[in-house]
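**Student:** Handing you a structure now.
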Amino acid sequence: MTAHEPPALPLRFGYGTNGLADLRLDDALGLLADLGYDGVGLTLDHMHLDPLAPDLAARTRHVARRLDELGLGVTVETGARYVLDPRRKHGPSLLDPAPDDRARRVDLLVRAVRVAADLGAHAVHCFSGAVPDHTDEDTAWKRLTEAFGPVLDAASAAGIPLAVEPEPGHLLATLADFHRLRRALGDPEPLGLTLDIGHCQCLEPLAPADCVREAAPWLRHVQIEDMRRGVHEHLPFGDGEIDFPPVLAALAATGYRGLTVVELPRHSHAGPRFATHSLPYLRKAARLAAERTTGTSTVPSHGDPSATPEGSSTP
């Protein structure tokens, strides 16, 4: 750092393997390390550390060694679309009418906690699921709170935070819904929050930076991408409406030190290119945030400090 550069924000950036689904996991991890990412959001799926295939413990040990060799941190994510049911996206969920189906999702989350402990992950991400047809919301909330019991027990025993994500279209869709769950469960210590910055732009009443500040005490995992108001579509940086420097400044100010993971699950067809473009964008946004915070500037006098960071256009 030169005398004219602001101090770097203490943020750690990762990239989600659900946006690199066409790569073998070893190759995806090597790519992210070579690009300079600090870590990875590892979605347990049939192509990436399948949680239901034989020899899970041995395969997890291999991934742990690989992460250690590459110096990558990790969050375990459980948003695989068809890992439990090849015909139902994200099914079965914690809200399904059949107890056996809800138990399959609970088992997946408990397995994820064990994998996270073996990998040294900083959190396990999960979500509620959408309300099934012919199910009233009170019943859905009752099923959700009951289903979380064994998962929270496993998380507590492993010392791994469980980070619930408000997801548009799901029962638990907003920060207010997260607080409803937290209160219903008695505010258990292992229960935390996954904050998706794009989702804040999509449907929260607060601006994304204000969402970060409001969520700070419960923040255990962060996902990040661009998005437009009212449209749940994960976009490459610069293709949506979010002003990222204030978001990153707010995130750094909370004291959050986990991974901030790029979430572009529908862009796996060009995953390496999007991974390559995303990190420079975030780093420049972080520099702009630091400059605004300290009042310094590294932008040349003929430049525009509010210009969109490089790499923002869709590859």
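Identifiers for the structure tokens are assigned positionally: chains receive A, B, ... in sequence, residues are indexed from 1 per chain, and ligands are indexed from 1 in the order shown.
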Please run DSSP on the backbone and report, as number ranges by chain, all residues within range 68-271 of chain A that come out as alpha helix (DSSP H).

**Tutor:** A: 68-70, 99-119, 137-158, 175-184, 197-203, 208-215, 244-254, 271

**Student:** Near Ala80 in chain A, counting only C-alpha atoms, which residues have an atom at most 9 Å away, once you skip same-chain residues fewer than 5 positions from it, shown as a CSV table (one decimal) with N, CA and C atoms, in the first residue's frame?

**Tutor:**
```csv
chain,number,residue,atom,x,y,z
A,18,ASN,N,-21.9,-23.6,-7.5
A,18,ASN,CA,-23.1,-23.8,-8.3
A,18,ASN,C,-23.1,-22.9,-9.5
A,43,THR,N,-21.4,-25.9,-2.9
A,43,THR,CA,-22.7,-26.5,-2.9
A,43,THR,C,-22.6,-28.0,-3.0
A,44,LEU,N,-23.1,-28.7,-2.1
A,44,LEU,CA,-23.1,-30.2,-2.1
A,44,LEU,C,-24.1,-30.7,-3.1
A,45,ASP,N,-23.5,-31.3,-4.2
A,45,ASP,CA,-24.4,-31.7,-5.3
A,45,ASP,C,-23.8,-33.0,-5.9
A,46,HIS,N,-24.5,-33.6,-6.9
A,46,HIS,CA,-24.1,-34.8,-7.4
A,46,HIS,C,-22.8,-34.7,-8.2
A,89,LYS,N,-37.4,-29.4,-8.3
A,89,LYS,CA,-36.4,-28.5,-7.9
A,89,LYS,C,-36.5,-28.2,-6.4
A,90,HIS,N,-35.4,-28.3,-5.7
A,90,HIS,CA,-35.3,-28.0,-4.3
A,90,HIS,C,-36.3,-28.9,-3.5
```

**Student:** Mind pulling up the distance from CA of Met47 in chain A to CA of Leu67 in chain A?

**Tutor:**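 Separation between CA of Leu67 in chain A and CA of Met47 in chain A: 17.1 Å.
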
**Student:** Give me the residues near Leu119 in chain A as a ChimeraX atom specification, where near means some atom within 9 Å (using only C-alpha atoms) and where sequence neighbours in that chain fewer than 3 positions away do not count.

**Tutor:** /A:60-61,63-65,67,73-76,114-116

**Student:** Would you mind listing, for every residue of range 263-284 of chain A within 10 Å of range 235-243 of chain A, the two atoms forming the shortest contact and the distance between them in Å to one decimal, using only C-alpha atoms, sorted by chain and ascending residue number, as CSV?

**Tutor:**
```
residue,atom,partner,partner_atom,distance
A:Glu263,CA,A:Leu235,CA,8.8
A:Leu264,CA,A:Leu235,CA,6.9
A:Pro265,CA,A:Leu235,CA,9.7
A:Arg266,CA,A:Leu235,CA,8.9
A:His267,CA,A:Pro236,CA,8.7
A:Phe274,CA,A:Pro236,CA,7.4
A:Ala275,CA,A:Pro236,CA,9.8
A:His277,CA,A:Phe237,CA,8.7
A:Ser278,CA,A:Phe237,CA,6.8
A:Leu279,CA,A:Phe237,CA,9.9
A:Tyr281,CA,A:Phe237,CA,7.2
A:Leu282,CA,A:Phe237,CA,8.5
```

**Student:** Show me, as a PyMOL selection string, the residues that have an atom within 12 Å of His179 in chain A when counting only C-alpha atoms, minus same-chain residues fewer than 4 positions from it.

**Tutor:** chain A and resi 164-166+172-175+183-188+191-193+214-215+217-218

**Student:** Could you check the closest approach to Arg81 in chain A for each of A:Ala21, A:Ile197, A:Ala112, A:Leu32 and tell me which residue wins, using only C-alpha atoms?

**Tutor:**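 Once distances to Arg81 in chain A are computed over only C-alpha atoms, the minimum belongs to A:Ala21.
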
**Student:** Using only C-alpha atoms, find the one residue out of A:Leu52, A:Val151, A:Glu189, A:His232 that sits nearest to Gly169 in chain A.

**Tutor:**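 Once distances to Gly169 in chain A are computed over only C-alpha atoms, the minimum belongs to A:His232.
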
**Student:** Write out as a PDB file with C-alpha atoms, in the first residue's frame which residues come within 8 Å of Thr254 in chain A when counting only C-alpha atoms, dropping same-chain ones fewer than 2 positions away.

**Tutor:**
```pdb
ATOM      1  CA  VAL A 212     -26.317  -5.283   5.936  1.00  0.00           C
ATOM      2  CA  ARG A 213     -26.347  -2.985   8.961  1.00  0.00           C
ATOM      3  CA  ALA A 216     -25.157  -7.469  11.342  1.00  0.00           C
ATOM      4  CA  ALA A 250     -21.265  -1.482   5.459  1.00  0.00           C
ATOM      5  CA  LEU A 251     -20.224  -5.134   5.408  1.00  0.00           C
ATOM      6  CA  ALA A 252     -16.681  -4.331   6.507  1.00  0.00           C
ATOM      7  CA  TYR A 256     -18.121  -9.801   9.434  1.00  0.00           C
TER       8      TYR A 256
END
```

**Student:** Which residue out of A:Arg228, A:His221, A:Arg105, A:Arg182 has the minimum interatomic distance to Leu203 in chain A when only C-alpha atoms are used?

**Tutor:**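 For Leu203 in chain A, the nearest of the given residues is A:Arg228.
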
**Student:** What's the separation between CA of Ala163 in chain A and CA of Leu219 in chain A, in Å to one decimal place?

**Tutor:**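 One can read the CA of Ala163 in chain A to CA of Leu219 in chain A distance as 7.8 Å.
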
**Student:** Considering only C-alpha atoms, can you say which of A:Leu84, A:Ala123, A:Leu23, A:Cys202 comes closest to Val222 in chain A?

**Tutor:**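 That would be A:Ala123, the residue with the smallest distance to Val222 in chain A.
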
**Student:** Quick one: DSSP strand (DSSP E or B) residues in range 197-233 of chain A, as a PyMOL selection string?

**Tutor:** chain A and resi 219-224+226-228+231-233
